[in-house]
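S.K.: One structure, as structure tokens, below. Some questions next.
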Protein chains: 2
Amino acid sequence: MNFPEYYESRKKLIESFLIKQMQKKGISRVDEAMSYSLLAGGKRLRPLLVLATGDVVCGRGYDFLAVACGLEMIHTYSLIHDDLPVMDNDDYRRGRLTNHKVYGDALALLAGDGLLTLAFEVMLEQKNVAPAALIETVKEVAMCSGSYGMVGGQALDIEAEGKNITEKDLRTVYSAKTGALFIAAVRAGARLSGAKDEELLALTRFAELFGLGFQISDDIMDVEGNLDEMGKNAGSDAKLQKTTFVTLCTLEGAKELVDKTFSEALMCLESFGSDAEPLRELTLMVKNRKF
Amino acid sequence: MNFPEYYESRKKLIESFLIKQMQKKGISRVDEAMSYSLLAGGKRLRPLLVLATGDVVCGRGYDFLAVACGLEMIHTYSLIHDDLPVMDNDDYRRGRLTNHKVYGDALALLAGDGLLTLAFEVMLEQKNVAPAALIETVKEVAMCSGSYGMVGGQALDIEAEGKNITEKDLRTVYSAKTGALFIAAVRAGARLSGAKDEELLALTRFAELFGLGFQISDDIMDVEGNLDEMGKNAGSDAKLQKTTFVTLCTLEGAKELVDKTFSEALMCLESFGSDAEPLRELTLMVKNRKF
């Protein structure tokens with residue numbers, strides 16, 4: 001397959017959908033703050049995963065754009081709240097000032113709340129699927145985003161700051177904080193496409209490994225990267241004295257682990273044969289990214 | 001009808017449901033923070049409105065407990081975020097320390113996020129209704145809670161602080177900030193019960209007036225009430241130099257407006273005859289409340 005072309009066309013679908021969602025004039029300035037962060041570019045990895053998984057299973061991933069973009073809204077809200085002074089207190093994100101640096105803390109808080117809420121509204125507008133399947137899918141997205149998933153992971157992350165934690169603990173934090181939403185994305189794409197049980201199982205395992213690989217490579221970039229490439233400041237983990245895979249395994253060890261994890265992720269796709277190309281290529285792109 | 005008995009039995013159903021939702025052991029301390037605020041009592045007005053409206057329309061309001069309690073979670077999250085130092089910076093709520101006073105700002109922020117997310121998960125677990133009707137209902141709840149409803153109203157509220165705004169502006173703020181969620185509650189109860197179009201219309205108008213009456217009486221209590229009765233500090237509007245119905249119409253004028261508004265709300269229920277007793281009595285209870 002021509003992956004660069006595939007990638008660009010899917011990303012364009014996602015960007016257009018997101019822009020369309022933010023076009024309606026709001027009643028307050030919070031919509032502007034929401035747009036500021038949502039339309040700031042970004043890799044769009046979670047919606048891409050929904051679409052690519054849909055393509056792998058049924059060949060019509062673009063049919064699930066509403067659910068896909070809902071996941072991007074959830075991801076974006078989590079970044080806005082995470083960047084707030086009471087959390088990580090970051091100044092840059094996706095190459096521009098963080099939301100609260102532009103709109104102030106109160107409006108940034110509300111912009112996050114607004115995006116999380118909008119995510120559910122948009123996901124529930126998804127056409128092309130049976131209502132019961134949509135309900136199951138969105139319920140699972142909520143579960144993966146909440147206190148047993150992303151929000152719980154962020155809370156664990158705070159609790160772990162400045163403490164020496166084990167690799168097992170770190171894996172728990174990462175699988176909740178970052179992994180859960182990747183799992184939600186892949187499972188949403190699979191479920192909406194009518195995946196069989198064994199397909200869902202293999203794709204879930206793929207998503208777990210994909211998420212872990214992503215997070216370890218994030219740790220590496222926080223040491224090796226720079227603001228120009230990443231659009232955010234590097235070195236924030238060290239600043240907050242966070243335990244990461246780099247502090248636990250050394251930089252070299254972390255790099256080996258990334259290779260191993262992504263390779264295992266790719267193995268989960270074997271049973272799909274050549275149909276799995278979109279997910280396979282997306283995985284390689286993420287593995288080799290510098291941003 | 002024996003309203004005190006009705007009220008107690010419905011409140012008990014709501015409390016039990018909420019307790020059951022919070023029983024599962026979480027992966028982090030955020031679940032404890034969520035429980036702290038969700039299980040702190042409170043009037044449970046929004047879920048009561050869902051149940052009472054369901055009783056008025058189809059006599060089986062208790063069938064819609066999951067959606068009802070989802071609305072209480074949304075309300076509670078909004079209080080947690082609203083009390084944060086970057087917003088109203090309040091120390092007391094429902095007779096106890098506010099969430100961030102106990103758990104710190106970061107965990108309180110996440111507890112709010114967790115409750116908003118859990119609300120959607122719980123609502124989508126609602127049984128006893130057709131999937132398509134559930135999707136429509138939850139989508140509307142999201143719309144009323146987001147940047148065109150509650151979140152937008154809170155943003156307008158911040159923008160209005162320290163400014164002289166007109167009564168028209170204040171009505172816009174109130175209808176978004178507080179009214180929208182009451183409308184969502186009543187319409188959810190009605191829609192899930194299979195209300196006819198003209199019933200939905202009358203009940204929506206009822207909810208608008210109910211919400212307005214509630215908010216004006218809230219303004220009055222902020223002047224006349226005290227911590228013991230209300231469970232939160234009075235005088236916070238004056239502290240923040242907020243325009244309220246009391247500053248616009250005087251205390252006496254605001255009281256007249258409350259009477260008028262609740263009377264009009266009751267008139268919207270006339271076509272339901274004696275079936276409307278649960279909503280009628282609930283309205284009178286709210287009108288005469290001191291908390």
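In the structure tokens, chains take letters A, B, ... by order of appearance, with residues numbered from 1 within each chain and ligands from 1 in the order shown.
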Starting from chain A, keep only residues with some atom at most 6 Å from an atom of chain B, counting only C-alpha atoms, and report them as a VMD selection string.
M.R.: chain A and resid 28 86 to 87 106 114 117 121 131 to 132 139 142 146 to 147 152 156
S.K.: Just all heavy atoms for this one: save the residues we selected as a compact mmCIF listing (two decimals), in the first residue's frame.
M.R.:
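Contents of selection16.txt, freshly written:
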# COMPACT_ATOMS: atom_id res chain seq x y z
N SER A 28 -20.09 31.54 24.52
CA SER A 28 -19.06 32.17 25.35
C SER A 28 -17.70 31.97 24.69
O SER A 28 -17.60 31.35 23.63
CB SER A 28 -19.03 31.53 26.74
OG SER A 28 -18.40 30.26 26.66
N VAL A 86 -1.82 23.39 38.27
CA VAL A 86 -2.01 22.43 39.38
C VAL A 86 -1.56 21.03 38.99
O VAL A 86 -1.40 20.17 39.87
CB VAL A 86 -3.48 22.35 39.86
CG1 VAL A 86 -3.91 23.68 40.42
CG2 VAL A 86 -4.42 21.88 38.77
N MET A 87 -1.35 20.77 37.71
CA MET A 87 -0.84 19.47 37.26
C MET A 87 0.63 19.64 36.83
O MET A 87 1.46 19.91 37.67
CB MET A 87 -1.70 18.92 36.12
CG MET A 87 -3.18 18.76 36.46
SD MET A 87 -3.54 17.32 37.51
CE MET A 87 -3.45 16.02 36.27
N ALA A 106 -8.90 29.38 34.45
CA ALA A 106 -10.33 29.06 34.60
C ALA A 106 -10.93 28.64 33.27
O ALA A 106 -11.61 27.60 33.17
CB ALA A 106 -11.09 30.26 35.17
N GLY A 114 -15.47 21.15 28.49
CA GLY A 114 -16.30 21.27 27.29
C GLY A 114 -15.95 20.24 26.24
O GLY A 114 -16.83 19.65 25.61
N THR A 117 -17.10 16.74 27.27
CA THR A 117 -18.55 16.63 27.09
C THR A 117 -18.92 16.52 25.61
O THR A 117 -19.74 15.69 25.22
CB THR A 117 -19.25 17.84 27.72
OG1 THR A 117 -18.73 18.05 29.04
CG2 THR A 117 -20.74 17.63 27.81
N GLU A 121 -21.13 13.79 23.00
CA GLU A 121 -22.19 14.23 22.10
C GLU A 121 -21.87 13.80 20.66
O GLU A 121 -22.72 13.22 19.97
CB GLU A 121 -22.32 15.76 22.19
CG GLU A 121 -23.48 16.32 21.37
CD GLU A 121 -23.49 17.84 21.39
OE1 GLU A 121 -22.96 18.46 22.34
OE2 GLU A 121 -24.01 18.42 20.42
N PRO A 131 -27.60 0.96 16.79
CA PRO A 131 -27.60 1.70 18.06
C PRO A 131 -26.99 0.91 19.22
O PRO A 131 -26.22 1.46 20.00
CB PRO A 131 -29.09 1.99 18.29
CG PRO A 131 -29.67 2.03 16.93
CD PRO A 131 -28.91 1.03 16.12
N ALA A 132 -27.31 -0.36 19.32
CA ALA A 132 -26.80 -1.15 20.45
C ALA A 132 -25.27 -1.26 20.41
O ALA A 132 -24.60 -1.18 21.45
CB ALA A 132 -27.43 -2.53 20.47
N LYS A 139 -19.69 3.36 25.65
CA LYS A 139 -19.56 2.98 27.06
C LYS A 139 -18.13 2.54 27.34
O LYS A 139 -17.55 2.90 28.36
CB LYS A 139 -20.55 1.83 27.35
CG LYS A 139 -21.00 1.75 28.76
CD LYS A 139 -22.25 0.91 28.87
CE LYS A 139 -21.97 -0.56 28.64
NZ LYS A 139 -23.21 -1.36 28.69
N ALA A 142 -15.81 5.45 27.50
CA ALA A 142 -15.93 6.12 28.80
C ALA A 142 -15.15 5.36 29.87
O ALA A 142 -14.42 5.96 30.67
CB ALA A 142 -17.41 6.24 29.20
N GLY A 146 -11.93 6.97 32.10
CA GLY A 146 -12.28 7.39 33.46
C GLY A 146 -11.32 6.92 34.54
O GLY A 146 -10.14 6.70 34.28
N SER A 147 -11.85 6.75 35.73
CA SER A 147 -10.98 6.49 36.89
C SER A 147 -10.38 5.09 36.86
O SER A 147 -9.46 4.80 37.63
CB SER A 147 -11.76 6.70 38.18
OG SER A 147 -12.71 5.68 38.36
N GLY A 152 -7.62 7.67 36.09
CA GLY A 152 -6.98 6.92 37.18
C GLY A 152 -5.47 6.89 37.01
O GLY A 152 -4.71 7.02 37.97
N LEU A 156 -2.56 8.17 39.51
CA LEU A 156 -1.42 7.33 39.91
C LEU A 156 -0.10 8.04 39.61
O LEU A 156 0.84 7.98 40.40
CB LEU A 156 -1.43 6.00 39.15
CG LEU A 156 -2.42 4.94 39.60
CD1 LEU A 156 -2.34 3.74 38.65
CD2 LEU A 156 -2.14 4.50 41.03
S.K.: Using DSSP on the backbone, list every residue of stretch 7-237 of chain A that comes out as helix (DSSP H, G or I), and give them as a PDB file with C-alpha atoms, in the first residue's frame.
M.R.:
ATOM      1  CA  TYR A   7      -2.079   8.557   6.073  1.00  0.00           C
ATOM      2  CA  GLU A   8      -2.591  11.988   4.537  1.00  0.00           C
ATOM      3  CA  SER A   9      -6.070  11.196   3.251  1.00  0.00           C
ATOM      4  CA  ARG A  10      -7.202   9.865   6.641  1.00  0.00           C
ATOM      5  CA  LYS A  11      -5.652  12.760   8.499  1.00  0.00           C
ATOM      6  CA  LYS A  12      -7.436  15.159   6.183  1.00  0.00           C
ATOM      7  CA  LEU A  13     -10.775  13.461   6.898  1.00  0.00           C
ATOM      8  CA  ILE A  14     -10.129  13.834  10.626  1.00  0.00           C
ATOM      9  CA  GLU A  15      -9.050  17.480  10.418  1.00  0.00           C
ATOM     10  CA  SER A  16     -12.086  18.399   8.302  1.00  0.00           C
ATOM     11  CA  PHE A  17     -14.432  16.672  10.707  1.00  0.00           C
ATOM     12  CA  LEU A  18     -12.895  18.431  13.709  1.00  0.00           C
ATOM     13  CA  ILE A  19     -12.982  21.827  11.990  1.00  0.00           C
ATOM     14  CA  LYS A  20     -16.639  21.308  11.105  1.00  0.00           C
ATOM     15  CA  GLN A  21     -17.458  20.476  14.729  1.00  0.00           C
ATOM     16  CA  VAL A  30     -14.908  28.754  25.899  1.00  0.00           C
ATOM     17  CA  ASP A  31     -15.556  27.499  22.356  1.00  0.00           C
ATOM     18  CA  GLU A  32     -12.624  29.558  21.122  1.00  0.00           C
ATOM     19  CA  ALA A  33     -10.440  28.036  23.848  1.00  0.00           C
ATOM     20  CA  MET A  34     -11.654  24.547  22.871  1.00  0.00           C
ATOM     21  CA  SER A  35     -10.854  25.171  19.200  1.00  0.00           C
ATOM     22  CA  TYR A  36      -7.442  26.570  20.057  1.00  0.00           C
ATOM     23  CA  SER A  37      -6.285  23.245  21.426  1.00  0.00           C
ATOM     24  CA  LEU A  38      -8.360  20.886  19.313  1.00  0.00           C
ATOM     25  CA  LEU A  45      -3.069   9.008  16.509  1.00  0.00           C
ATOM     26  CA  ARG A  46      -6.181   7.871  18.353  1.00  0.00           C
ATOM     27  CA  PRO A  47      -8.648   8.684  15.571  1.00  0.00           C
ATOM     28  CA  LEU A  48      -6.186   7.260  13.038  1.00  0.00           C
ATOM     29  CA  LEU A  49      -6.179   4.040  15.042  1.00  0.00           C
ATOM     30  CA  VAL A  50      -9.976   3.877  14.916  1.00  0.00           C
ATOM     31  CA  LEU A  51     -10.008   4.408  11.167  1.00  0.00           C
ATOM     32  CA  ALA A  52      -7.094   2.063  10.446  1.00  0.00           C
ATOM     33  CA  THR A  53      -8.558  -0.690  12.618  1.00  0.00           C
ATOM     34  CA  GLY A  54     -11.870  -0.261  10.858  1.00  0.00           C
ATOM     35  CA  ASP A  55     -10.076  -0.593   7.527  1.00  0.00           C
ATOM     36  CA  VAL A  56      -8.318  -3.740   8.703  1.00  0.00           C
ATOM     37  CA  VAL A  57     -11.512  -5.427   9.873  1.00  0.00           C
ATOM     38  CA  GLY A  61     -12.900   2.750   8.697  1.00  0.00           C
ATOM     39  CA  TYR A  62     -13.892   6.214   7.424  1.00  0.00           C
ATOM     40  CA  ASP A  63     -17.474   5.314   8.313  1.00  0.00           C
ATOM     41  CA  PHE A  64     -16.597   5.735  11.988  1.00  0.00           C
ATOM     42  CA  LEU A  65     -15.262   9.266  11.877  1.00  0.00           C
ATOM     43  CA  ALA A  66     -17.520  10.605  14.633  1.00  0.00           C
ATOM     44  CA  VAL A  67     -16.358   8.073  17.220  1.00  0.00           C
ATOM     45  CA  ALA A  68     -12.770   8.504  16.011  1.00  0.00           C
ATOM     46  CA  CYS A  69     -12.870  12.277  16.468  1.00  0.00           C
ATOM     47  CA  GLY A  70     -14.579  11.944  19.846  1.00  0.00           C
ATOM     48  CA  LEU A  71     -11.469  10.108  21.002  1.00  0.00           C
ATOM     49  CA  GLU A  72      -9.293  12.976  19.789  1.00  0.00           C
ATOM     50  CA  MET A  73     -11.438  15.384  21.832  1.00  0.00           C
ATOM     51  CA  ILE A  74     -10.938  13.239  24.927  1.00  0.00           C
ATOM     52  CA  HIS A  75      -7.203  13.144  24.300  1.00  0.00           C
ATOM     53  CA  THR A  76      -7.087  16.916  23.815  1.00  0.00           C
ATOM     54  CA  TYR A  77      -9.087  17.649  26.983  1.00  0.00           C
ATOM     55  CA  SER A  78      -6.666  15.474  28.941  1.00  0.00           C
ATOM     56  CA  LEU A  79      -3.712  17.473  27.581  1.00  0.00           C
ATOM     57  CA  ILE A  80      -5.317  20.800  28.520  1.00  0.00           C
ATOM     58  CA  HIS A  81      -5.993  19.664  32.087  1.00  0.00           C
ATOM     59  CA  ASP A  82      -2.588  17.967  32.324  1.00  0.00           C
ATOM     60  CA  ASP A  83      -0.808  21.176  31.330  1.00  0.00           C
ATOM     61  CA  ASN A  99      -4.326  26.648  26.640  1.00  0.00           C
ATOM     62  CA  HIS A 100      -4.119  28.269  30.072  1.00  0.00           C
ATOM     63  CA  LYS A 101      -1.193  30.442  28.961  1.00  0.00           C
ATOM     64  CA  VAL A 102      -3.511  31.989  26.387  1.00  0.00           C
ATOM     65  CA  TYR A 103      -6.955  31.854  28.011  1.00  0.00           C
ATOM     66  CA  ASP A 105      -6.567  28.816  34.107  1.00  0.00           C
ATOM     67  CA  ALA A 106     -10.330  29.061  34.604  1.00  0.00           C
ATOM     68  CA  LEU A 107     -11.233  29.091  30.926  1.00  0.00           C
ATOM     69  CA  ALA A 108      -8.699  26.333  30.188  1.00  0.00           C
ATOM     70  CA  LEU A 109     -10.316  24.197  32.874  1.00  0.00           C
ATOM     71  CA  LEU A 110     -13.711  24.790  31.271  1.00  0.00           C
ATOM     72  CA  ALA A 111     -12.331  24.192  27.763  1.00  0.00           C
ATOM     73  CA  GLY A 112     -11.227  20.744  28.917  1.00  0.00           C
ATOM     74  CA  ASP A 113     -14.618  20.080  30.465  1.00  0.00           C
ATOM     75  CA  GLY A 114     -16.304  21.270  27.294  1.00  0.00           C
ATOM     76  CA  LEU A 115     -14.239  19.017  25.041  1.00  0.00           C
ATOM     77  CA  LEU A 116     -14.824  15.952  27.197  1.00  0.00           C
ATOM     78  CA  THR A 117     -18.553  16.627  27.092  1.00  0.00           C
ATOM     79  CA  LEU A 118     -18.556  17.350  23.366  1.00  0.00           C
ATOM     80  CA  ALA A 119     -16.714  14.086  22.758  1.00  0.00           C
ATOM     81  CA  PHE A 120     -19.705  12.114  24.002  1.00  0.00           C
ATOM     82  CA  GLU A 121     -22.195  14.234  22.096  1.00  0.00           C
ATOM     83  CA  VAL A 122     -20.234  13.732  18.876  1.00  0.00           C
ATOM     84  CA  MET A 123     -19.641  10.007  19.383  1.00  0.00           C
ATOM     85  CA  PRO A 131     -27.597   1.704  18.059  1.00  0.00           C
ATOM     86  CA  ALA A 132     -26.797  -1.148  20.454  1.00  0.00           C
ATOM     87  CA  ALA A 133     -23.257  -1.498  19.060  1.00  0.00           C
ATOM     88  CA  LEU A 134     -22.732   2.247  19.337  1.00  0.00           C
ATOM     89  CA  ILE A 135     -23.834   2.228  22.968  1.00  0.00           C
ATOM     90  CA  GLU A 136     -21.413  -0.590  23.805  1.00  0.00           C
ATOM     91  CA  THR A 137     -18.581   1.200  22.032  1.00  0.00           C
ATOM     92  CA  VAL A 138     -19.090   4.606  23.639  1.00  0.00           C
ATOM     93  CA  LYS A 139     -19.562   2.981  27.062  1.00  0.00           C
ATOM     94  CA  GLU A 140     -16.197   1.304  26.649  1.00  0.00           C
ATOM     95  CA  VAL A 141     -14.579   4.567  25.593  1.00  0.00           C
ATOM     96  CA  ALA A 142     -15.933   6.124  28.799  1.00  0.00           C
ATOM     97  CA  MET A 143     -14.590   3.239  30.878  1.00  0.00           C
ATOM     98  CA  CYS A 144     -11.130   3.541  29.329  1.00  0.00           C
ATOM     99  CA  SER A 145     -11.121   7.322  29.848  1.00  0.00           C
ATOM    100  CA  MET A 150      -6.845   7.501  31.775  1.00  0.00           C
ATOM    101  CA  VAL A 151      -8.028   9.627  34.713  1.00  0.00           C
ATOM    102  CA  GLY A 152      -6.980   6.923  37.182  1.00  0.00           C
ATOM    103  CA  GLY A 153      -3.601   6.704  35.477  1.00  0.00           C
ATOM    104  CA  GLN A 154      -3.075  10.433  35.817  1.00  0.00           C
ATOM    105  CA  ALA A 155      -3.923  10.188  39.507  1.00  0.00           C
ATOM    106  CA  LEU A 156      -1.424   7.334  39.912  1.00  0.00           C
ATOM    107  CA  ASP A 157       1.127   9.425  38.065  1.00  0.00           C
ATOM    108  CA  ILE A 158       0.726  12.248  40.586  1.00  0.00           C
ATOM    109  CA  GLU A 159       1.002   9.834  43.491  1.00  0.00           C
ATOM    110  CA  ALA A 160       4.230   8.449  42.002  1.00  0.00           C
ATOM    111  CA  GLU A 167       8.878  -1.268  36.686  1.00  0.00           C
ATOM    112  CA  LYS A 168       5.689  -3.147  37.490  1.00  0.00           C
ATOM    113  CA  ASP A 169       4.147  -0.003  39.024  1.00  0.00           C
ATOM    114  CA  LEU A 170       5.269   2.073  36.077  1.00  0.00           C
ATOM    115  CA  ARG A 171       3.639  -0.352  33.665  1.00  0.00           C
ATOM    116  CA  THR A 172       0.404  -0.024  35.653  1.00  0.00           C
ATOM    117  CA  VAL A 173       0.556   3.774  35.442  1.00  0.00           C
ATOM    118  CA  TYR A 174       1.288   3.759  31.721  1.00  0.00           C
ATOM    119  CA  SER A 175      -1.289   1.176  30.802  1.00  0.00           C
ATOM    120  CA  ALA A 176      -3.972   3.252  32.543  1.00  0.00           C
ATOM    121  CA  LYS A 177      -2.762   6.738  31.646  1.00  0.00           C
ATOM    122  CA  THR A 178      -1.933   6.195  27.972  1.00  0.00           C
ATOM    123  CA  GLY A 179      -2.663   2.592  27.101  1.00  0.00           C
ATOM    124  CA  ALA A 180      -6.355   2.590  27.939  1.00  0.00           C
ATOM    125  CA  LEU A 181      -7.255   5.232  25.373  1.00  0.00           C
ATOM    126  CA  PHE A 182      -5.296   3.423  22.635  1.00  0.00           C
ATOM    127  CA  ILE A 183      -7.155   0.257  23.567  1.00  0.00           C
ATOM    128  CA  ALA A 184     -10.436   2.166  23.416  1.00  0.00           C
ATOM    129  CA  ALA A 185      -9.548   3.477  19.952  1.00  0.00           C
ATOM    130  CA  VAL A 186      -8.603   0.104  18.502  1.00  0.00           C
ATOM    131  CA  ARG A 187     -11.512  -1.724  20.099  1.00  0.00           C
ATOM    132  CA  ALA A 188     -13.924   0.984  18.923  1.00  0.00           C
ATOM    133  CA  GLY A 189     -12.734   0.579  15.349  1.00  0.00           C
ATOM    134  CA  ALA A 190     -12.961  -3.197  15.669  1.00  0.00           C
ATOM    135  CA  ARG A 191     -16.320  -3.338  17.399  1.00  0.00           C
ATOM    136  CA  LEU A 192     -18.001  -0.866  15.055  1.00  0.00           C
ATOM    137  CA  ASP A 197     -14.299 -12.306  19.180  1.00  0.00           C
ATOM    138  CA  GLU A 198     -10.883 -13.670  18.245  1.00  0.00           C
ATOM    139  CA  GLU A 199     -10.170 -10.619  16.091  1.00  0.00           C
ATOM    140  CA  LEU A 200     -11.143  -8.324  18.958  1.00  0.00           C
ATOM    141  CA  LEU A 201      -8.823 -10.243  21.263  1.00  0.00           C
ATOM    142  CA  ALA A 202      -5.825 -10.026  18.928  1.00  0.00           C
ATOM    143  CA  LEU A 203      -6.413  -6.343  18.261  1.00  0.00           C
ATOM    144  CA  THR A 204      -6.755  -5.595  21.968  1.00  0.00           C
ATOM    145  CA  ARG A 205      -3.381  -7.208  22.621  1.00  0.00           C
ATOM    146  CA  PHE A 206      -1.970  -5.236  19.699  1.00  0.00           C
ATOM    147  CA  ALA A 207      -3.299  -2.008  21.220  1.00  0.00           C
ATOM    148  CA  GLU A 208      -1.820  -2.779  24.648  1.00  0.00           C
ATOM    149  CA  LEU A 209       1.626  -3.290  23.154  1.00  0.00           C
ATOM    150  CA  PHE A 210       1.270  -0.327  20.807  1.00  0.00           C
ATOM    151  CA  GLY A 211       0.416   1.892  23.787  1.00  0.00           C
ATOM    152  CA  LEU A 212       3.328   0.603  25.852  1.00  0.00           C
ATOM    153  CA  GLY A 213       5.747   1.076  22.955  1.00  0.00           C
ATOM    154  CA  PHE A 214       4.409   4.576  22.430  1.00  0.00           C
ATOM    155  CA  GLN A 215       4.858   5.503  26.064  1.00  0.00           C
ATOM    156  CA  ILE A 216       8.397   4.140  26.363  1.00  0.00           C
ATOM    157  CA  SER A 217       9.437   5.995  23.214  1.00  0.00           C
ATOM    158  CA  ASP A 218       7.845   9.099  24.756  1.00  0.00           C
ATOM    159  CA  ASP A 219      10.141   8.639  27.751  1.00  0.00           C
ATOM    160  CA  ILE A 220      13.127   8.426  25.402  1.00  0.00           C
ATOM    161  CA  MET A 221      12.091  11.564  23.515  1.00  0.00           C
ATOM    162  CA  ASP A 222      11.737  13.459  26.763  1.00  0.00           C
ATOM    163  CA  VAL A 223      15.483  12.875  27.197  1.00  0.00           C
ATOM    164  CA  GLU A 224      16.648  13.127  23.575  1.00  0.00           C
ATOM    165  CA  LEU A 227      11.058  21.769  21.513  1.00  0.00           C
ATOM    166  CA  ASP A 228      11.426  22.188  17.738  1.00  0.00           C
ATOM    167  CA  GLU A 229      10.829  18.542  16.929  1.00  0.00           C
ATOM    168  CA  MET A 230       8.242  17.753  19.589  1.00  0.00           C
ATOM    169  CA  SER A 236       9.845  17.655  31.936  1.00  0.00           C
ATOM    170  CA  ASP A 237      10.089  14.144  33.423  1.00  0.00           C
TER     171      ASP A 237
END
S.K.: Any idea what the distance is between atom CA of B:Leu240 and atom CA of B:Tyr92?
M.R.: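 One can read the atom CA of B:Leu240 to atom CA of B:Tyr92 distance as 16.0 Å.
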S.K.: Please indicate the distance in Å from atom CA of A:Asp90 to atom CA of A:Phe262, rounded to one decimal place.
M.R.: 28.9 Å
S.K.: In Å, with one decimal, what is the gap from atom CA of B:Phe3 to atom CA of B:Ser271?
M.R.: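 One can read the atom CA of B:Phe3 to atom CA of B:Ser271 distance as 20.2 Å.
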